[in-house]
Amino acid sequence: MMNQDIYVVIEHLRGKTADISYLMLAGARALAQATGGEVIAVLLGHNAQSLANNMAADKVLYVEHPALAEFTSDAYQRTLAGLIAGKEPRAVLFASSSIGTDAASVLSARLKLPLISSCQSFSADGRPICQICGGKIMAESDLPDTTTLLTMTPGGYKPEEGQSGKAPDVIKVEAPSLDNLRVTLKQYIEPEAGDVDISKEPIIVSVGRGIQNQDNIEIAEELARALGGVVAASRPVVDQGWMSTSRLVGKSGKKVKPKIYLALGISGAPEHVEGMGESEVIIAINTDTNAPIFNVAKYGTTVDLFDLVPALTEKLREVKKV
Amino acid sequence: MNVVALFKLVPDLVEELEIDQSGTALNTDFLRLIINELDDHAIEQAILLKERSGARMTVIGSDAEGADDVLYTAVAKGADQLIKLMGDPNAVINNHAMARATAIVLKELQPDLILTGVQAHNDLDGSIGPLVAEYLGMPYVGYVSGVNVQNGRIVVRKEYPGGLIAEMEVDLPAVVGIQSAEQPPRYVTVNKVRQAMKTAAIEERPLPALDVSGGAAIRRMFKPESATRAKMIEGSTEEVTARLLDIFKEIGAL
Ligand SMILES: Cc1cc2nc3c(=O)[nH]c(=O)nc-3n(C[C@H](O)[C@H](O)[C@H](O)COP(=O)(O)OP(=O)(O)OC[C@H]3O[C@@H](n4cnc5c(N)ncnc54)[C@H](O)[C@@H]3O)c2cc1C
């Protein structure tokens with residue numbers, strides 16, 4: 001029979017727990033308060049038990065197996081399918097990430113359990129609130145009556161809230177047979193280092209698709225130079241090959257926390273905000289009044305970037321000369 | 001090798017989105033639809049595979065305004081077969097229903113590899129790719145930005161944060177969720193698309209019965225209520241420039 005516990009599938013990569021895991025533990029606590037159950041971390045790994053030590057969970061279920069040393073979708077799906085079907089928790093939280101989303105949808109189909117994706121927080125009575133349409137729309141759903149799978153995005157809780165100084169009890173769970181996996185890890189390829197580490201820069205001028213083409217990036221570079229900062233970019237700009245991957249800010253790129261983050265023609269999609277939302281002062285230049293970037297920026301303007309950026313660069317040069 | 005690319009049309013975020021009377025869905029009256037950007041990357045990746053290894057390539061999408069354009073554009077880029085799934089345009093649909101129905105059509109085609117965007121911005125019940133994979137009993141890997149065929153299997157580049165890549169080997173048949181193609185989606189001229197319209201045929205297939213179980217009931221949709229919305233700086237370019245300079249001074253950047 002279903003119980004009221006909230007499970008969190010812990011995400012870790014090459015020996016390090018991802019921040020989103022702690023954030024999910026915090027979210028799980030909020031949900032558990034509404035359902036009246038416990039928060040239980042689910043850790044899959046090989047010699048990874050010590051990762052459990054600082055988790056703010058009532059219990060940790062640890063599945064140990066050499067095939068779980070590094071993430072592969074097939075091994076995680078098989079292990080979690082048995083575990084979830086056997087324990088029937090109230091809900092299972094996965095990260096909305098390269099690891100969590102590889103597992104969540106497949107398990108929803110395999111176990112015939114409902115799935116709610118891109119959940120950012122829970123209401124006081126335990127309803128998931130999701131962020132969709134690039135951050136322009138929020139959707140609140142009922143929590144279905146059966147064990148529910150959810151993928152979680154950042155924004156609702158803080159990683160610190162999911163950490164604890166007291167190590168939780170760890171209960172070992174038998175791994176299923178993990179032979180004949182259809183997906184195997186061949187190797188990791190390290191990211192290119194790039195000429196600057198944007199995560200260490202105090203002033204960032206970041207360019208989005210609003211810049212239109214590669215040649216226009218020049219005006220952002222000039223502004224960055226006048227301000228004493230560096231340029232960075234959103235994903236479409238990097239995907240077009242206009243800037244190197246080492247300059248990418250966001251979910252798939254770097255997390256940055258500069259003193260000033262100047263966003264030029266960036267809409268502020270959740271995947272971008274994930275990488276820059278904690279900057280000290282965000283200034284957004286975007287012609288769309290409804291752009292979600294204005295929900296995280298401190299200052300904003302809807303003046304066309306092609307008018308404003310050259311004017312700003314010129315003024316900065318004047319001021320800096322004297 | 002048989003490669004299929006799946007696409008879905010999603011609201012264009014450049015337009016203003018409105019919530020309808022029910023308060024639980026977007027108002028579709030003025031909604032402009034465009035191809036899910038990541039599905040466009042999936043189509044590009046399929047074309048690259050075709051060019052490299054001579055695969056046969058099919059593109060599948062469901063009927064909606066703009067679907068024909070996407071299909072003809074795909075054929076102008078090199079797709080071999082176009083399939084449009086026809087259903088009741090007013091039917092309630094979610095990814096679980098779409099994936100179940102698409103899986104039935106896919107079974108017939110016996111694909112070796114199915115590519116689709118790793119997600120769409122309006123997904124609320126998971127994403128199409130992994131759902132289709134499980135309904136077909138195939139393995140799935142998502143967040144992929146490169147696919148190569150090697151000795152009857154594929155090797156994919158799976159992305160992790162910070163630019164880290166995991167090379168994964170996957171048995172075929174398989175479903176892959178594309179984050180980006182190895183190169184940006186190519187551009188084709190309107191002329192080439194028009195030519196394609198004259199020669200290519202879109203096969204219309206009835207959408208099998210829809211089963212939406214697996215999703216959740218939406219109770220309320222709303223626009224984000226930010227407590228910390230930006231202070232907007234109004235005025236001419238000169239006025240905004242002057243104010244920004246003051247702000248730079250205030251925060252000690254000058
Ligand atoms: C799994 C996953 C991971 C992702 N990871 C990342 C990531 O790490 N980083 C990232 O950035 N994205 C990431 N994305 C993509 C993300 O969802 C968005 O698509 C992307 O951030 C949008 O980039 P953008 O804001 O530059 O473009 P758009 O959303 O197209 O926005 C362009 C903006 O420019 C404005 N504009 C246009 N012209 C002008 C003008 N003349 N003056 C001023 N403003 C103008 C427009 O109003 C618009 O708001 C990821 C997506 C997925 C699915």
# chains A, B, ... in the order shown; residues from 1 in each chain; ligands from 1
call {"tool": "residues_around", "arguments": {"residues": "A:Asn54", "least_positions_apart": "2", "cutoff": "8 Å", "atoms": "only C-alpha atoms", "output": "list in words"}}
result
Leu51, Ala52, Ala56, Gln163, Ser164, Gly165, Lys166, Ala167 and Pro168 of chain A
call {"tool": "interface_residues", "arguments": {"of": "chain B", "to": "chain A", "cutoff": "6 Å", "atoms": "only C-alpha atoms", "output": "ChimeraX atom specification"}}
result
/B:121-122,124-126,130-131,134,142-143,161-171,184,214-215,217-224,226,229-233,237,241
call {"tool": "atom_distance", "arguments": {"atom1": "atom CA of A:Leu262", "atom2": "atom CA of B:Ile35"}}
result
29.5 Å
call {"tool": "residues_around", "arguments": {"residues": "stretch 198-200 of chain B", "least_positions_apart": "5", "cutoff": "10 Å", "atoms": "only C-alpha atoms", "output": "PyMOL selection string"}}
result
chain B and resi 71-72+75-76+79-82+193
call {"tool": "write_last_selection", "arguments": {"atoms": "C-alpha atoms", "output": "PDB file, in the first residue's frame"}}
result
ATOM      1  CA  LEU B  71       7.520  18.791 -43.136  1.00  0.00           C
ATOM      2  CA  TYR B  72       8.211  20.421 -46.513  1.00  0.00           C
ATOM      3  CA  VAL B  75      12.185  17.326 -47.247  1.00  0.00           C
ATOM      4  CA  ALA B  76      13.959  20.300 -48.821  1.00  0.00           C
ATOM      5  CA  ALA B  79      14.214  13.925 -45.545  1.00  0.00           C
ATOM      6  CA  ASP B  80      12.801  10.961 -47.503  1.00  0.00           C
ATOM      7  CA  GLN B  81       9.385  10.393 -45.973  1.00  0.00           C
ATOM      8  CA  LEU B  82       6.885  12.728 -44.330  1.00  0.00           C
ATOM      9  CA  VAL B 193      10.735  24.610 -49.925  1.00  0.00           C
TER      10      VAL B 193
END
call {"tool": "atom_distance", "arguments": {"atom1": "atom CA of B:Ile104", "atom2": "atom CA of A:Phe94"}}
result
28.1 Å
call {"tool": "select_by_dssp", "arguments": {"residues": "stretch 61-236 of chain B", "states": "strand (DSSP E or B)", "output": "PyMOL selection string"}}
result
chain B and resi 61-62+81-86+113-117+140-150+153-159+165-171+174-178+202-206+213+215+218-222+231-232
call {"tool": "residues_around", "arguments": {"residues": "A:Ile40", "least_positions_apart": "5", "cutoff": "12 Å", "atoms": "only C-alpha atoms", "output": "short mmCIF file (atom, residue, chain, number, x, y, z; two decimals) with N, CA, C and O atoms, in the first residue's frame"}}
result
data_model
loop_
_atom_site.label_atom_id
_atom_site.label_comp_id
_atom_site.auth_asym_id
_atom_site.auth_seq_id
_atom_site.Cartn_x
_atom_site.Cartn_y
_atom_site.Cartn_z
N ASN A 3 2.59 4.63 0.96
CA ASN A 3 2.81 5.38 2.20
C ASN A 3 2.93 6.87 1.86
O ASN A 3 2.75 7.26 0.71
N GLN A 4 3.22 7.70 2.85
CA GLN A 4 3.22 9.15 2.63
C GLN A 4 4.63 9.74 2.47
O GLN A 4 4.81 10.95 2.47
N ASP A 5 5.64 8.87 2.35
CA ASP A 5 7.02 9.36 2.28
C ASP A 5 7.34 9.99 0.93
O ASP A 5 6.77 9.64 -0.09
N ILE A 6 8.29 10.93 1.00
CA ILE A 6 8.74 11.59 -0.23
C ILE A 6 10.17 11.13 -0.50
O ILE A 6 11.06 11.33 0.33
N TYR A 7 10.38 10.53 -1.65
CA TYR A 7 11.70 10.06 -2.03
C TYR A 7 12.40 11.11 -2.90
O TYR A 7 11.75 11.77 -3.72
N VAL A 8 13.71 11.21 -2.72
CA VAL A 8 14.49 12.11 -3.56
C VAL A 8 15.61 11.31 -4.22
O VAL A 8 16.43 10.70 -3.51
N VAL A 9 15.62 11.26 -5.53
CA VAL A 9 16.69 10.55 -6.23
C VAL A 9 17.91 11.48 -6.29
O VAL A 9 17.91 12.49 -6.98
N ILE A 10 18.92 11.12 -5.50
CA ILE A 10 20.10 11.97 -5.37
C ILE A 10 20.92 11.93 -6.66
O ILE A 10 21.14 10.87 -7.25
N SER A 21 20.42 18.24 -5.74
CA SER A 21 20.01 17.17 -4.81
C SER A 21 19.57 17.77 -3.48
O SER A 21 18.55 17.36 -2.90
N MET A 24 16.37 19.61 -3.80
CA MET A 24 15.22 18.69 -3.84
C MET A 24 14.89 18.18 -2.45
O MET A 24 13.72 17.98 -2.12
N LEU A 25 15.93 17.96 -1.62
CA LEU A 25 15.65 17.52 -0.25
C LEU A 25 14.86 18.59 0.49
O LEU A 25 13.95 18.29 1.27
N ALA A 26 15.19 19.86 0.22
CA ALA A 26 14.43 20.96 0.84
C ALA A 26 12.99 20.97 0.32
O ALA A 26 12.04 21.12 1.10
N GLY A 27 12.83 20.77 -0.96
CA GLY A 27 11.48 20.71 -1.55
C GLY A 27 10.70 19.52 -1.00
O GLY A 27 9.50 19.63 -0.71
N ALA A 28 11.39 18.40 -0.85
CA ALA A 28 10.75 17.19 -0.33
C ALA A 28 10.25 17.43 1.09
O ALA A 28 9.19 16.95 1.49
N ARG A 29 11.03 18.21 1.87
CA ARG A 29 10.62 18.50 3.25
C ARG A 29 9.31 19.29 3.23
O ARG A 29 8.38 19.01 3.99
N LEU A 31 7.03 19.26 0.93
CA LEU A 31 5.95 18.37 0.50
C LEU A 31 5.60 17.36 1.60
O LEU A 31 4.42 17.09 1.84
N ALA A 32 6.62 16.86 2.29
CA ALA A 32 6.39 15.87 3.36
C ALA A 32 5.56 16.49 4.49
O ALA A 32 4.78 15.79 5.15
N ALA A 52 26.14 10.50 1.59
CA ALA A 52 24.90 10.67 2.35
C ALA A 52 25.08 11.54 3.59
O ALA A 52 24.12 12.08 4.13
N MET A 55 23.22 15.00 4.18
CA MET A 55 21.89 15.19 3.59
C MET A 55 20.83 15.37 4.65
O MET A 55 20.76 14.59 5.61
N ALA A 56 19.99 16.39 4.47
CA ALA A 56 18.90 16.65 5.40
C ALA A 56 17.73 15.73 5.07
O ALA A 56 16.72 16.14 4.52
N ALA A 57 17.93 14.42 5.38
CA ALA A 57 16.89 13.42 5.11
C ALA A 57 16.64 12.63 6.39
O ALA A 57 17.51 12.53 7.24
N ASP A 58 15.44 12.04 6.51
CA ASP A 58 15.16 11.21 7.68
C ASP A 58 15.87 9.87 7.56
O ASP A 58 16.22 9.25 8.56
N LYS A 59 16.07 9.43 6.34
CA LYS A 59 16.74 8.15 6.06
C LYS A 59 17.36 8.24 4.68
O LYS A 59 16.91 9.02 3.83
N VAL A 60 18.36 7.39 4.46
CA VAL A 60 18.91 7.27 3.11
C VAL A 60 18.84 5.81 2.71
O VAL A 60 19.24 4.93 3.47
N LEU A 61 18.28 5.55 1.54
CA LEU A 61 18.32 4.19 0.98
C LEU A 61 19.50 4.16 0.02
O LEU A 61 19.56 4.95 -0.93
N TYR A 62 20.44 3.27 0.29
CA TYR A 62 21.66 3.25 -0.53
C TYR A 62 21.74 1.95 -1.32
O TYR A 62 21.72 0.86 -0.75
N ILE A 84 10.92 1.71 -6.44
CA ILE A 84 9.69 2.51 -6.34
C ILE A 84 8.46 1.60 -6.28
O ILE A 84 7.56 1.78 -5.46
N LYS A 87 8.32 -0.03 -2.77
CA LYS A 87 8.10 0.79 -1.57
C LYS A 87 6.84 1.65 -1.64
O LYS A 87 6.34 2.09 -0.62
N PRO A 89 6.16 4.95 -2.39
CA PRO A 89 6.13 6.23 -1.67
C PRO A 89 5.04 7.15 -2.23
O PRO A 89 4.48 6.87 -3.30
N ARG A 90 4.78 8.25 -1.53
CA ARG A 90 3.78 9.22 -2.00
C ARG A 90 4.25 9.91 -3.26
O ARG A 90 3.47 10.19 -4.17
N ALA A 91 5.55 10.26 -3.28
CA ALA A 91 6.10 10.96 -4.45
C ALA A 91 7.60 10.68 -4.55
O ALA A 91 8.25 10.37 -3.55
N VAL A 92 8.12 10.78 -5.77
CA VAL A 92 9.55 10.62 -6.00
C VAL A 92 10.03 11.83 -6.77
O VAL A 92 9.51 12.14 -7.85
N LEU A 93 11.02 12.53 -6.22
CA LEU A 93 11.54 13.73 -6.89
C LEU A 93 12.82 13.39 -7.65
O LEU A 93 13.74 12.78 -7.10
N GLY A 162 18.74 21.96 2.35
CA GLY A 162 18.70 20.50 2.22
C GLY A 162 19.94 19.83 2.77
O GLY A 162 20.17 18.65 2.54
N PRO A 168 22.40 11.21 8.38
CA PRO A 168 21.17 10.40 8.51
C PRO A 168 21.50 8.90 8.53
O PRO A 168 22.59 8.50 8.13
N ASP A 169 20.57 8.10 9.01
CA ASP A 169 20.73 6.64 8.95
C ASP A 169 20.73 6.18 7.50
O ASP A 169 19.93 6.65 6.69
N VAL A 170 21.63 5.26 7.21
CA VAL A 170 21.70 4.73 5.85
C VAL A 170 21.26 3.27 5.86
O VAL A 170 21.75 2.47 6.66
N ILE A 171 20.32 2.96 5.02
CA ILE A 171 19.83 1.58 4.91
C ILE A 171 20.23 1.04 3.54
O ILE A 171 19.93 1.66 2.52
#
